[in-house]
file data.cif (mmCIF, C-alpha atoms)
data_coords
loop_
_atom_site.label_atom_id
_atom_site.label_comp_id
_atom_site.auth_asym_id
_atom_site.auth_seq_id
_atom_site.Cartn_x
_atom_site.Cartn_y
_atom_site.Cartn_z
CA MET A 218 -15.32 30.31 3.57
CA LEU A 219 -18.44 28.20 3.85
CA SER A 220 -21.25 29.56 5.96
CA PRO A 221 -21.45 28.05 9.48
CA LEU A 222 -24.00 25.26 9.29
CA ARG A 223 -24.93 22.27 11.39
CA PRO A 224 -21.88 19.97 11.69
CA PRO A 225 -22.07 16.52 10.12
CA PRO A 226 -23.36 13.72 12.36
CA MET A 227 -20.11 11.75 12.12
CA PRO A 228 -16.53 12.98 12.56
CA ALA A 229 -14.46 12.96 9.39
CA PRO A 230 -11.85 10.20 9.17
CA LYS A 231 -8.27 11.41 9.30
CA GLN A 232 -6.96 12.31 5.86
CA GLN A 233 -3.64 13.60 4.59
CA ILE A 234 -3.73 15.83 1.53
CA ARG A 235 -0.89 15.42 -0.91
CA PHE A 236 -0.09 16.82 -4.34
CA ALA A 237 0.97 15.16 -7.58
CA ARG A 238 1.93 16.85 -10.84
CA SER A 239 0.00 15.81 -13.91
CA HIS A 240 1.46 15.38 -17.39
CA ASP A 241 1.49 19.14 -18.02
CA GLY A 242 2.72 20.22 -14.59
CA VAL A 243 -0.70 20.96 -13.06
CA ARG A 244 -0.72 20.28 -9.31
CA LEU A 245 -3.50 17.88 -8.29
CA ALA A 246 -4.60 17.61 -4.64
CA TYR A 247 -5.51 14.09 -3.53
CA ALA A 248 -6.24 12.27 -0.28
CA SER A 249 -7.13 8.82 0.98
CA THR A 250 -9.12 7.57 3.97
CA GLY A 251 -9.91 4.13 5.34
CA VAL A 252 -8.10 0.85 4.82
CA GLY A 253 -8.49 -2.18 2.59
CA ALA A 254 -8.78 -2.61 -1.15
CA PRO A 255 -8.38 0.73 -2.98
CA LEU A 256 -11.39 2.56 -4.43
CA ILE A 257 -10.56 5.66 -6.48
CA LYS A 258 -13.23 8.24 -7.29
CA ALA A 259 -12.83 9.96 -10.66
CA ALA A 260 -12.96 13.67 -9.92
CA THR A 261 -16.01 15.85 -10.48
CA TRP A 262 -15.91 19.60 -10.82
CA LEU A 263 -17.87 20.52 -7.68
CA SER A 264 -15.43 19.20 -5.11
CA HIS A 265 -13.17 20.38 -2.32
CA LEU A 266 -11.13 17.82 -0.38
CA GLU A 267 -11.55 19.71 2.90
CA TYR A 268 -15.08 21.09 2.77
CA ASP A 269 -16.69 17.95 1.37
CA TRP A 270 -16.27 16.33 4.79
CA GLN A 271 -18.41 19.05 6.36
CA SER A 272 -21.04 18.84 3.65
CA PRO A 273 -24.58 17.62 4.40
CA VAL A 274 -24.61 16.56 0.73
CA TRP A 275 -21.32 14.59 0.49
CA SER A 276 -20.19 13.55 3.98
CA HIS A 277 -22.37 10.43 4.33
CA LEU A 278 -20.99 8.98 1.08
CA LEU A 279 -17.40 9.72 2.09
CA ASN A 280 -17.85 8.16 5.53
CA GLU A 281 -19.55 5.01 4.25
CA LEU A 282 -17.01 4.31 1.52
CA SER A 283 -14.05 5.09 3.78
CA ASP A 284 -15.43 2.50 6.19
CA GLN A 285 -15.11 -0.24 3.56
CA CYS A 286 -12.13 0.72 1.40
CA SER A 287 -8.98 2.75 1.02
CA PHE A 288 -11.02 5.53 -0.53
CA VAL A 289 -9.02 7.90 -2.74
CA ARG A 290 -10.38 11.27 -3.88
CA TYR A 291 -8.82 14.16 -5.71
CA ASP A 292 -9.88 17.65 -6.72
CA GLU A 293 -10.35 18.17 -10.44
CA ARG A 294 -7.87 20.51 -12.11
CA GLY A 295 -9.42 23.96 -11.88
CA CYS A 296 -11.22 23.03 -8.64
CA GLY A 297 -10.80 22.78 -4.89
CA LEU A 298 -7.20 22.55 -3.74
CA SER A 299 -5.84 21.65 -7.16
CA ASP A 300 -4.47 24.36 -9.47
CA TRP A 301 -7.16 26.73 -10.77
CA LEU A 302 -5.12 28.57 -13.39
CA VAL A 303 -4.73 25.88 -16.04
CA ASP A 304 -4.40 26.09 -19.81
CA ASP A 305 -5.94 22.70 -20.55
CA LEU A 306 -9.40 21.85 -19.25
CA SER A 307 -10.21 19.11 -21.75
CA PHE A 308 -11.64 15.62 -21.39
CA GLU A 309 -8.25 14.12 -22.28
CA SER A 310 -6.61 16.11 -19.49
CA TRP A 311 -9.14 14.70 -17.00
CA VAL A 312 -8.34 11.12 -18.01
CA ARG A 313 -4.63 11.79 -17.72
CA ASP A 314 -5.16 13.35 -14.29
CA LEU A 315 -6.82 10.13 -13.14
CA GLU A 316 -3.78 8.24 -14.46
CA THR A 317 -1.55 10.56 -12.43
CA VAL A 318 -3.45 10.03 -9.17
CA ALA A 319 -3.65 6.25 -9.59
CA ASP A 320 0.12 6.17 -10.09
CA ALA A 321 0.75 8.57 -7.20
CA VAL A 322 -1.09 6.42 -4.65
CA GLY A 323 0.61 3.27 -5.92
CA ALA A 324 -2.62 1.40 -6.58
CA GLU A 325 -1.72 -1.35 -9.03
CA ARG A 326 -5.30 -2.64 -9.26
CA PHE A 327 -8.36 -0.94 -7.84
CA ALA A 328 -12.09 -0.34 -8.06
CA LEU A 329 -13.14 2.87 -9.79
CA LEU A 330 -16.11 5.12 -8.97
CA GLY A 331 -17.52 7.61 -11.46
CA ILE A 332 -20.32 10.00 -10.49
CA SER A 333 -21.97 12.37 -12.99
CA GLN A 334 -19.36 13.47 -15.56
CA GLY A 335 -16.81 11.41 -13.60
CA ALA A 336 -18.50 8.33 -15.07
CA SER A 337 -17.28 9.15 -18.57
CA ILE A 338 -13.76 9.74 -17.27
CA ALA A 339 -13.85 6.43 -15.39
CA ILE A 340 -15.06 4.62 -18.52
CA ALA A 341 -12.25 6.07 -20.63
CA TYR A 342 -9.67 5.09 -18.00
CA ALA A 343 -11.07 1.55 -17.64
CA VAL A 344 -10.83 1.01 -21.41
CA ARG A 345 -7.33 2.48 -21.56
CA HIS A 346 -6.07 0.48 -18.54
CA PRO A 347 -8.15 -2.73 -18.29
CA GLU A 348 -5.42 -4.47 -16.30
CA ARG A 349 -5.74 -1.97 -13.43
CA VAL A 350 -9.53 -1.64 -12.92
CA SER A 351 -11.10 -4.52 -10.98
CA HIS A 352 -14.63 -3.08 -10.64
CA LEU A 353 -16.41 -0.06 -12.12
CA VAL A 354 -19.23 1.77 -10.31
CA LEU A 355 -21.11 4.48 -12.23
CA HIS A 356 -23.81 6.73 -10.78
CA GLY A 357 -25.81 9.45 -12.49
CA GLY A 358 -23.45 9.12 -15.41
CA TYR A 359 -23.71 9.74 -19.11
CA ALA A 360 -21.83 8.84 -22.27
CA ARG A 361 -23.15 11.81 -24.26
CA GLY A 362 -22.95 15.46 -23.22
CA ARG A 363 -25.94 17.77 -23.65
CA LEU A 364 -24.93 19.03 -27.09
CA VAL A 365 -24.09 15.51 -28.29
CA ARG A 366 -27.49 14.14 -27.32
CA SER A 367 -29.46 17.25 -28.37
CA HIS A 368 -31.54 16.59 -31.47
CA THR A 369 -33.61 19.78 -31.60
CA LEU A 370 -32.90 23.50 -31.67
CA GLN A 371 -34.74 23.90 -28.37
CA GLN A 372 -32.47 21.34 -26.66
CA ARG A 373 -29.35 23.07 -27.97
CA GLU A 374 -30.61 26.46 -26.82
CA GLU A 375 -31.32 25.02 -23.37
CA ALA A 376 -27.73 23.74 -23.10
CA GLU A 377 -26.34 27.10 -24.21
CA THR A 378 -28.61 28.97 -21.78
CA MET A 379 -27.25 26.96 -18.85
CA THR A 380 -23.73 27.96 -19.80
CA LYS A 381 -24.81 31.60 -20.04
CA LEU A 382 -26.30 31.42 -16.53
CA VAL A 383 -22.95 30.20 -15.23
CA GLU A 384 -21.14 33.03 -16.99
CA LEU A 385 -23.47 35.68 -15.53
CA GLY A 386 -23.97 34.54 -11.97
CA TRP A 387 -21.46 31.95 -10.71
CA GLY A 388 -19.21 34.24 -8.70
CA LYS A 389 -21.84 36.53 -7.22
CA ALA A 390 -22.58 36.67 -3.50
CA ASP A 391 -26.28 36.45 -4.41
CA PRO A 392 -26.88 32.69 -4.85
CA ALA A 393 -29.93 33.07 -7.12
CA PHE A 394 -28.10 31.97 -10.28
CA ARG A 395 -26.36 29.04 -8.57
CA GLN A 396 -29.64 27.99 -6.97
CA PHE A 397 -30.84 26.96 -10.44
CA PHE A 398 -28.08 24.33 -10.63
CA THR A 399 -28.50 23.32 -6.99
CA SER A 400 -32.19 22.62 -7.69
CA GLN A 401 -31.13 20.26 -10.47
CA PHE A 402 -28.53 18.42 -8.40
CA ILE A 403 -30.62 18.03 -5.22
CA PRO A 404 -34.23 19.13 -5.84
CA GLY A 405 -35.27 17.16 -2.75
CA GLY A 406 -32.73 18.86 -0.50
CA THR A 407 -33.48 20.89 2.61
CA PRO A 408 -32.84 24.65 2.73
CA GLU A 409 -29.63 23.89 4.65
CA GLN A 410 -28.43 21.47 2.00
CA HIS A 411 -29.28 23.95 -0.76
CA GLN A 412 -27.41 26.70 1.08
CA TRP A 413 -24.36 24.49 1.48
CA PHE A 414 -24.34 23.37 -2.13
CA ASN A 415 -24.79 26.95 -3.37
CA GLU A 416 -21.72 27.96 -1.40
CA LEU A 417 -19.73 24.89 -2.46
CA GLU A 418 -20.34 25.82 -6.09
CA ARG A 419 -18.90 29.28 -5.46
CA ILE A 420 -15.78 28.20 -3.54
CA SER A 421 -14.97 25.08 -5.56
CA THR A 422 -14.06 26.86 -8.80
CA SER A 423 -13.95 30.26 -10.51
CA PRO A 424 -16.72 31.61 -12.77
CA ALA A 425 -14.36 31.45 -15.77
CA ASN A 426 -13.51 27.81 -15.07
CA ALA A 427 -17.17 26.94 -14.49
CA VAL A 428 -17.98 28.17 -18.01
CA ARG A 429 -15.10 26.14 -19.45
CA PHE A 430 -16.28 23.03 -17.59
CA MET A 431 -19.84 23.41 -18.85
CA ASN A 432 -18.68 23.80 -22.45
CA GLU A 433 -16.52 20.69 -22.23
CA PHE A 434 -19.18 18.60 -20.45
CA ALA A 435 -21.66 19.37 -23.23
CA ARG A 436 -19.34 17.80 -25.82
CA ILE A 437 -18.41 14.58 -24.00
CA ASP A 438 -18.95 11.47 -26.10
CA VAL A 439 -17.64 8.08 -24.97
CA THR A 440 -20.35 5.96 -26.60
CA ALA A 441 -17.78 4.18 -28.79
CA LEU A 442 -15.87 3.10 -25.67
CA LEU A 443 -18.78 1.44 -23.87
CA PRO A 444 -18.55 -1.98 -25.60
CA GLN A 445 -14.82 -2.06 -24.77
CA VAL A 446 -15.29 -2.09 -20.97
CA VAL A 447 -14.25 -5.54 -19.73
CA CYS A 448 -14.43 -5.29 -15.92
CA PRO A 449 -17.54 -5.99 -13.82
CA THR A 450 -19.67 -2.84 -13.93
CA LEU A 451 -22.48 -1.54 -11.73
CA VAL A 452 -24.61 1.29 -13.15
CA LEU A 453 -26.93 3.20 -10.78
CA HIS A 454 -29.21 6.07 -11.75
CA SER A 455 -32.01 7.98 -10.06
CA ARG A 456 -35.34 7.36 -11.81
CA HIS A 457 -36.34 11.03 -11.77
CA ASP A 458 -32.92 12.65 -12.15
CA VAL A 459 -33.43 16.08 -13.76
CA ARG A 460 -29.72 16.80 -14.14
CA GLN A 461 -28.89 13.72 -16.22
CA PRO A 462 -31.79 11.81 -17.81
CA PHE A 463 -32.54 8.30 -16.62
CA GLU A 464 -32.20 7.16 -20.23
CA GLU A 465 -28.51 8.03 -20.14
CA GLY A 466 -28.01 5.54 -17.32
CA ARG A 467 -29.89 2.91 -19.28
CA LEU A 468 -27.66 3.58 -22.27
CA LEU A 469 -24.54 2.94 -20.19
CA ALA A 470 -25.91 -0.32 -18.80
CA THR A 471 -27.13 -1.47 -22.22
CA ALA A 472 -23.87 -0.83 -24.07
CA ILE A 473 -21.36 -1.98 -21.42
CA PRO A 474 -21.12 -5.80 -21.65
CA ASN A 475 -22.79 -7.60 -18.75
CA ALA A 476 -23.30 -4.41 -16.76
CA GLN A 477 -25.69 -4.57 -13.82
CA PHE A 478 -28.30 -1.78 -13.78
CA VAL A 479 -29.88 -0.53 -10.55
CA PRO A 480 -32.61 2.15 -10.78
CA ILE A 481 -32.79 4.25 -7.63
CA ASP A 482 -36.13 5.68 -6.49
CA SER A 483 -35.09 9.33 -6.20
CA GLY A 484 -35.28 12.65 -8.00
CA ASN A 485 -31.86 13.73 -6.76
CA HIS A 486 -28.77 13.61 -8.94
CA LEU A 487 -26.68 13.35 -5.76
CA LEU A 488 -28.37 11.11 -3.21
CA LEU A 489 -29.04 12.52 0.25
CA GLU A 490 -28.56 10.59 3.47
CA SER A 491 -32.16 10.92 4.65
CA GLU A 492 -33.80 9.40 1.56
CA PRO A 493 -34.54 5.67 1.09
CA GLY A 494 -32.72 5.72 -2.24
CA TRP A 495 -29.42 6.32 -0.46
CA LYS A 496 -29.80 3.19 1.66
CA HIS A 497 -30.55 1.22 -1.51
CA TRP A 498 -27.53 2.75 -3.26
CA ILE A 499 -24.98 2.04 -0.55
CA ALA A 500 -26.25 -1.52 -0.05
CA GLU A 501 -25.85 -2.26 -3.77
CA VAL A 502 -22.40 -0.68 -3.93
CA ARG A 503 -21.18 -2.49 -0.81
CA ALA A 504 -22.39 -5.80 -2.20
CA PHE A 505 -20.73 -5.16 -5.56
CA LEU A 506 -17.30 -4.02 -4.39
CA PRO A 507 -14.68 -6.57 -3.26
CA GLN A 508 -15.37 -7.72 0.26
CA PRO A 509 -12.60 -7.75 2.88
CA GLU A 510 -12.20 -11.51 2.45
CA GLN A 511 -11.72 -11.01 -1.30
CA ALA A 512 -9.10 -8.39 -0.57
CA GLY A 513 -7.16 -10.87 1.50
CA VAL A 514 -8.23 -9.65 4.93
CA GLY A 515 -8.63 -12.77 7.03
CA SER A 516 -10.04 -13.40 10.48
CA ALA A 517 -6.89 -12.13 12.22
CA PHE A 518 -7.33 -8.71 10.64
CA ALA A 519 -11.05 -8.75 11.33
CA ALA A 520 -10.18 -8.80 15.05
CA LEU A 521 -8.48 -5.42 14.78
CA THR A 522 -10.31 -2.28 15.80
CA GLU A 523 -10.86 0.48 13.26
CA ARG A 524 -8.08 2.53 14.88
CA GLN A 525 -5.70 -0.44 14.78
CA ARG A 526 -6.47 -1.00 11.10
CA GLU A 527 -5.69 2.67 10.41
CA LEU A 528 -2.43 2.29 12.29
CA LEU A 529 -1.52 -0.94 10.50
CA GLU A 530 -2.18 0.74 7.14
CA LEU A 531 0.38 3.41 8.00
CA ILE A 532 2.93 0.87 9.23
CA ALA A 533 2.51 -1.10 6.01
CA GLN A 534 3.22 2.11 4.11
CA GLY A 535 6.63 2.13 5.79
CA ARG A 536 6.04 4.90 8.36
CA ASP A 537 7.82 4.91 11.73
CA ASN A 538 6.11 5.43 15.08
CA ALA A 539 6.66 9.20 15.10
CA GLN A 540 5.10 9.56 11.65
CA VAL A 541 2.16 7.34 12.60
CA ALA A 542 1.60 9.39 15.74
CA ALA A 543 1.63 12.63 13.75
CA VAL A 544 -0.84 11.36 11.15
CA LEU A 545 -3.33 9.98 13.67
CA GLY A 546 -2.90 12.71 16.29
CA LEU A 547 -1.74 10.24 18.95
CA SER A 548 1.19 10.13 21.34
CA GLU A 549 4.06 7.79 20.49
CA LYS A 550 3.32 5.85 23.68
CA THR A 551 -0.26 5.22 22.51
CA VAL A 552 1.06 4.11 19.12
CA ARG A 553 3.43 1.64 20.82
CA ASN A 554 0.56 0.25 22.88
CA HIS A 555 -1.56 -0.22 19.76
CA ILE A 556 1.33 -1.95 17.99
CA THR A 557 1.75 -4.39 20.88
CA SER A 558 -1.94 -5.26 20.65
CA ILE A 559 -1.76 -5.61 16.85
CA PHE A 560 1.22 -7.97 17.09
CA SER A 561 -0.72 -10.09 19.59
CA LYS A 562 -3.83 -10.30 17.42
CA LEU A 563 -1.82 -11.09 14.26
CA GLU A 564 0.40 -13.52 16.20
CA VAL A 565 3.63 -11.96 14.95
CA GLU A 566 6.78 -11.09 16.88
CA SER A 567 8.25 -8.21 14.92
CA ARG A 568 7.36 -5.13 12.92
CA ALA A 569 8.84 -6.69 9.79
CA GLN A 570 6.59 -9.74 10.10
CA ALA A 571 3.55 -7.52 10.62
CA ILE A 572 4.41 -5.44 7.54
CA VAL A 573 4.82 -8.50 5.32
CA MET A 574 1.57 -10.01 6.56
CA ALA A 575 -0.29 -6.72 6.19
CA ARG A 576 0.95 -6.07 2.66
CA GLU A 577 0.00 -9.59 1.58
CA ALA A 578 -3.50 -8.81 2.87
CA GLY A 579 -3.77 -5.62 0.83
CA PHE A 580 -2.66 -2.99 3.36
CA GLY A 581 -0.12 -0.35 2.44
CA LYS A 582 -1.01 -0.10 -1.25
CA VAL A 583 -1.97 3.55 -0.94
CA ALA A 584 0.82 6.13 -0.55
CA ARG A 585 3.46 3.50 0.17
#
call {"tool": "encode", "arguments": {"input": "data.cif", "output": "structure tokens"}}
result
Amino acid sequence: MLSPLRPPPMPAPKQQIRFARSHDGVRLAYASTGVGAPLIKAATWLSHLEYDWQSPVWSHLLNELSDQCSFVRYDERGCGLSDWLVDDLSFESWVRDLETVADAVGAERFALLGISQGASIAIAYAVRHPERVSHLVLHGGYARGRLVRSHTLQQREEAETMTKLVELGWGKADPAFRQFFTSQFIPGGTPEQHQWFNELERISTSPANAVRFMNEFARIDVTALLPQVVCPTLVLHSRHDVRQPFEEGRLLATAIPNAQFVPIDSGNHLLLESEPGWKHWIAEVRAFLPQPEQAGVGSAFAALTERQRELLELIAQGRDNAQVAAVLGLSEKTVRNHITSIFSKLEVESRAQAIVMAREAGFGKVAR
């Protein structure tokens, strides 16, 4: 279990964790929060659907994006709440897992977020399914793994040494080995953030899987796919990122047609809430993603409170009052009162009318 640390400044939105089976039977854990147009995050290896909400490294991103979208996340195979004992831990399996989750949540068309190695997975999916991806957001991403972009013996030895460090020290209680990776991901982090990330590395996957991940990451190469991306694309990259070189972000933006490139003034691979670069990042992403009006959410829906929008999302998914109450932790009487207020604001007389109106506005697309 994670060490007891300062709780996050904001309470985590309510999420329900579900499981879907991928093409080879691997169970994938996924969850969604918020309402509105769907945004799916391609999985990364250092993830845990539960603990990420408590994280001083991840929670601000999850809260902000859940406030704007139906934000869908899933744990990578071999990580978090997904199956750890898997035969296939290849790049192709990761793309097919994203296909599985997109189908499981019923998102016919959605924005796609790829962070770090998740960017290459998102790119491959967007090329394979151009009809389903409306917008592509890439941060700290790369098209070429370390061994692919290594041109000298020293660079290759450095890549192999990192894998050896994982093999030797990932599962140990002493965080010294993992601290090396933490210092690459968030060199500007506080001791608390470093402690949390060290522990997240340990609980998110096994030492054996960590080695397999590192070996596969090093061989990623999606450079040939970049010119085939057809959706609007936003590429963000920290100027002084020591985990993935800034040049890799420039390569993505150069080779993807009409991509917008936003350099972020930071040395962190994963942006922290306290740094100015985070405010720049979230402002750019919010401006790029479909706005509520674009998603069909008119003035009537804008009058709803956040709680009422959560409730309407569940109604649009086809849930009855008892199910809504269970998901939101409310009494059925409170749910009925909210529904009465929602009907008044939407100027409808029945549940069926509200569901039709909500679905036309984009509600109920996730987990319907």
call {"tool": "closest_residue", "arguments": {"input": "data.cif", "among": "A:Ala259, A:Leu355, A:Leu278, A:Val252", "to": "A:Gln525", "atoms": "all atoms listed in the file"}}
result
A:Val252
call {"tool": "resolve_selection", "arguments": {"input": "data.cif", "expression": "the PyMOL selection byres ((chain A and resi 245) around 12)", "output": "PyMOL selection string"}}
result
chain A and resi 234-244+246-248+260+265-266+290-303+310-311+313-319+321
call {"tool": "resolve_selection", "arguments": {"input": "data.cif", "expression": "the PyMOL selection byres ((chain A and resi 503) around 12)", "output": "number ranges by chain"}}
result
A: 256, 278, 281-286, 328, 352, 354, 451, 496-502, 504-509
call {"tool": "resolve_selection", "arguments": {"input": "data.cif", "expression": "the PyMOL selection byres ((chain A and resi 463-467) around 12)", "output": "ChimeraX atom specification"}}
result
/A:332-334,336-337,354-363,365-366,438-440,451-462,468-473,476-486
call {"tool": "write_last_selection", "arguments": {"input": "data.cif", "atoms": "C-alpha atoms", "output": "short mmCIF file (atom, residue, chain, number, x, y, z; two decimals), in the frame of the given file"}}
result
data_model
loop_
_atom_site.label_atom_id
_atom_site.label_comp_id
_atom_site.auth_asym_id
_atom_site.auth_seq_id
_atom_site.Cartn_x
_atom_site.Cartn_y
_atom_site.Cartn_z
CA ILE A 332 -20.32 10.00 -10.49
CA SER A 333 -21.97 12.37 -12.99
CA GLN A 334 -19.36 13.47 -15.56
CA ALA A 336 -18.50 8.33 -15.07
CA SER A 337 -17.28 9.15 -18.57
CA VAL A 354 -19.23 1.77 -10.31
CA LEU A 355 -21.11 4.48 -12.23
CA HIS A 356 -23.81 6.73 -10.78
CA GLY A 357 -25.81 9.45 -12.49
CA GLY A 358 -23.45 9.12 -15.41
CA TYR A 359 -23.71 9.74 -19.11
CA ALA A 360 -21.83 8.84 -22.27
CA ARG A 361 -23.15 11.81 -24.26
CA GLY A 362 -22.95 15.46 -23.22
CA ARG A 363 -25.94 17.77 -23.65
CA VAL A 365 -24.09 15.51 -28.29
CA ARG A 366 -27.49 14.14 -27.32
CA ASP A 438 -18.95 11.47 -26.10
CA VAL A 439 -17.64 8.08 -24.97
CA THR A 440 -20.35 5.96 -26.60
CA LEU A 451 -22.48 -1.54 -11.73
CA VAL A 452 -24.61 1.29 -13.15
CA LEU A 453 -26.93 3.20 -10.78
CA HIS A 454 -29.21 6.07 -11.75
CA SER A 455 -32.01 7.98 -10.06
CA ARG A 456 -35.34 7.36 -11.81
CA HIS A 457 -36.34 11.03 -11.77
CA ASP A 458 -32.92 12.65 -12.15
CA VAL A 459 -33.43 16.08 -13.76
CA ARG A 460 -29.72 16.80 -14.14
CA GLN A 461 -28.89 13.72 -16.22
CA PRO A 462 -31.79 11.81 -17.81
CA LEU A 468 -27.66 3.58 -22.27
CA LEU A 469 -24.54 2.94 -20.19
CA ALA A 470 -25.91 -0.32 -18.80
CA THR A 471 -27.13 -1.47 -22.22
CA ALA A 472 -23.87 -0.83 -24.07
CA ILE A 473 -21.36 -1.98 -21.42
CA ALA A 476 -23.30 -4.41 -16.76
CA GLN A 477 -25.69 -4.57 -13.82
CA PHE A 478 -28.30 -1.78 -13.78
CA VAL A 479 -29.88 -0.53 -10.55
CA PRO A 480 -32.61 2.15 -10.78
CA ILE A 481 -32.79 4.25 -7.63
CA ASP A 482 -36.13 5.68 -6.49
CA SER A 483 -35.09 9.33 -6.20
CA GLY A 484 -35.28 12.65 -8.00
CA ASN A 485 -31.86 13.73 -6.76
CA HIS A 486 -28.77 13.61 -8.94
#
call {"tool": "atom_distance", "arguments": {"input": "data.cif", "atom1": "atom CA of A:Arg349", "atom2": "atom CA of A:Gln534"}}
result
20.1 Å
call {"tool": "axis_aligned_box", "arguments": {"input": "data.cif", "around": "stretch 557-566 of chain A", "padding_each_side": "5 Å", "output": "JSON"}}
result
{"center_x": 1.5, "center_y": -9.0, "center_z": 17.6, "size_x": 20.6, "size_y": 19.1, "size_z": 16.6}
call {"tool": "residues_around", "arguments": {"input": "data.cif", "residues": "A:Leu442", "least_positions_apart": "3", "cutoff": "8 Å", "atoms": "only C-alpha atoms", "output": "VMD selection string"}}
result
chain A and resid 340 to 341 344 439 445 to 446
call {"tool": "atom_distance", "arguments": {"input": "data.cif", "atom1": "atom CA of A:Val289", "atom2": "atom CA of A:Lys258"}}
result
6.2 Å
call {"tool": "residues_around", "arguments": {"input": "data.cif", "residues": "A:Arg568", "least_positions_apart": "4", "cutoff": "9 Å", "atoms": "all atoms listed in the file", "output": "ChimeraX atom specification"}}
result
/A:532,556,560,572-573
call {"tool": "closest_residue", "arguments": {"input": "data.cif", "among": "A:Leu489, A:Ala254, A:Leu443, A:Leu545", "to": "A:Gln233", "atoms": "all atoms listed in the file"}}
result
A:Leu545
call {"tool": "atom_distance", "arguments": {"input": "data.cif", "atom1": "atom CA of A:Val541", "atom2": "atom CA of A:Leu529"}}
result
9.3 Å
call {"tool": "closest_residue", "arguments": {"input": "data.cif", "among": "A:Tyr268, A:Phe308, A:Trp387, A:Trp495", "to": "A:Val428", "atoms": "all atoms listed in the file"}}
result
A:Trp387
call {"tool": "residues_near_point", "arguments": {"input": "data.cif", "point": "(-2.1, 7.3, 4.8)", "cutoff": "12 Å", "atoms": "only C-alpha atoms", "output": "number ranges by chain"}}
result
A: 230-235, 247-253, 255, 287-289, 322-323, 526-536, 540-545, 580-585
call {"tool": "write_last_selection", "arguments": {"input": "data.cif", "atoms": "C-alpha atoms", "output": "compact mmCIF listing (two decimals), in the coordinates of the input"}}
result
# COMPACT_ATOMS: atom_id res chain seq x y z
CA PRO A 230 -11.85 10.20 9.17
CA LYS A 231 -8.27 11.41 9.30
CA GLN A 232 -6.96 12.31 5.86
CA GLN A 233 -3.64 13.60 4.59
CA ILE A 234 -3.73 15.83 1.53
CA ARG A 235 -0.89 15.42 -0.91
CA TYR A 247 -5.51 14.09 -3.53
CA ALA A 248 -6.24 12.27 -0.28
CA SER A 249 -7.13 8.82 0.98
CA THR A 250 -9.12 7.57 3.97
CA GLY A 251 -9.91 4.13 5.34
CA VAL A 252 -8.10 0.85 4.82
CA GLY A 253 -8.49 -2.18 2.59
CA PRO A 255 -8.38 0.73 -2.98
CA SER A 287 -8.98 2.75 1.02
CA PHE A 288 -11.02 5.53 -0.53
CA VAL A 289 -9.02 7.90 -2.74
CA VAL A 322 -1.09 6.42 -4.65
CA GLY A 323 0.61 3.27 -5.92
CA ARG A 526 -6.47 -1.00 11.10
CA GLU A 527 -5.69 2.67 10.41
CA LEU A 528 -2.43 2.29 12.29
CA LEU A 529 -1.52 -0.94 10.50
CA GLU A 530 -2.18 0.74 7.14
CA LEU A 531 0.38 3.41 8.00
CA ILE A 532 2.93 0.87 9.23
CA ALA A 533 2.51 -1.10 6.01
CA GLN A 534 3.22 2.11 4.11
CA GLY A 535 6.63 2.13 5.79
CA ARG A 536 6.04 4.90 8.36
CA GLN A 540 5.10 9.56 11.65
CA VAL A 541 2.16 7.34 12.60
CA ALA A 542 1.60 9.39 15.74
CA ALA A 543 1.63 12.63 13.75
CA VAL A 544 -0.84 11.36 11.15
CA LEU A 545 -3.33 9.98 13.67
CA PHE A 580 -2.66 -2.99 3.36
CA GLY A 581 -0.12 -0.35 2.44
CA LYS A 582 -1.01 -0.10 -1.25
CA VAL A 583 -1.97 3.55 -0.94
CA ALA A 584 0.82 6.13 -0.55
CA ARG A 585 3.46 3.50 0.17
call {"tool": "residues_near_point", "arguments": {"input": "data.cif", "point": "(-27.9, 25.5, 0.1)", "cutoff": "12 Å", "atoms": "only C-alpha atoms", "output": "number ranges by chain"}}
result
A: 219-222, 272-274, 391-393, 395-400, 402-419
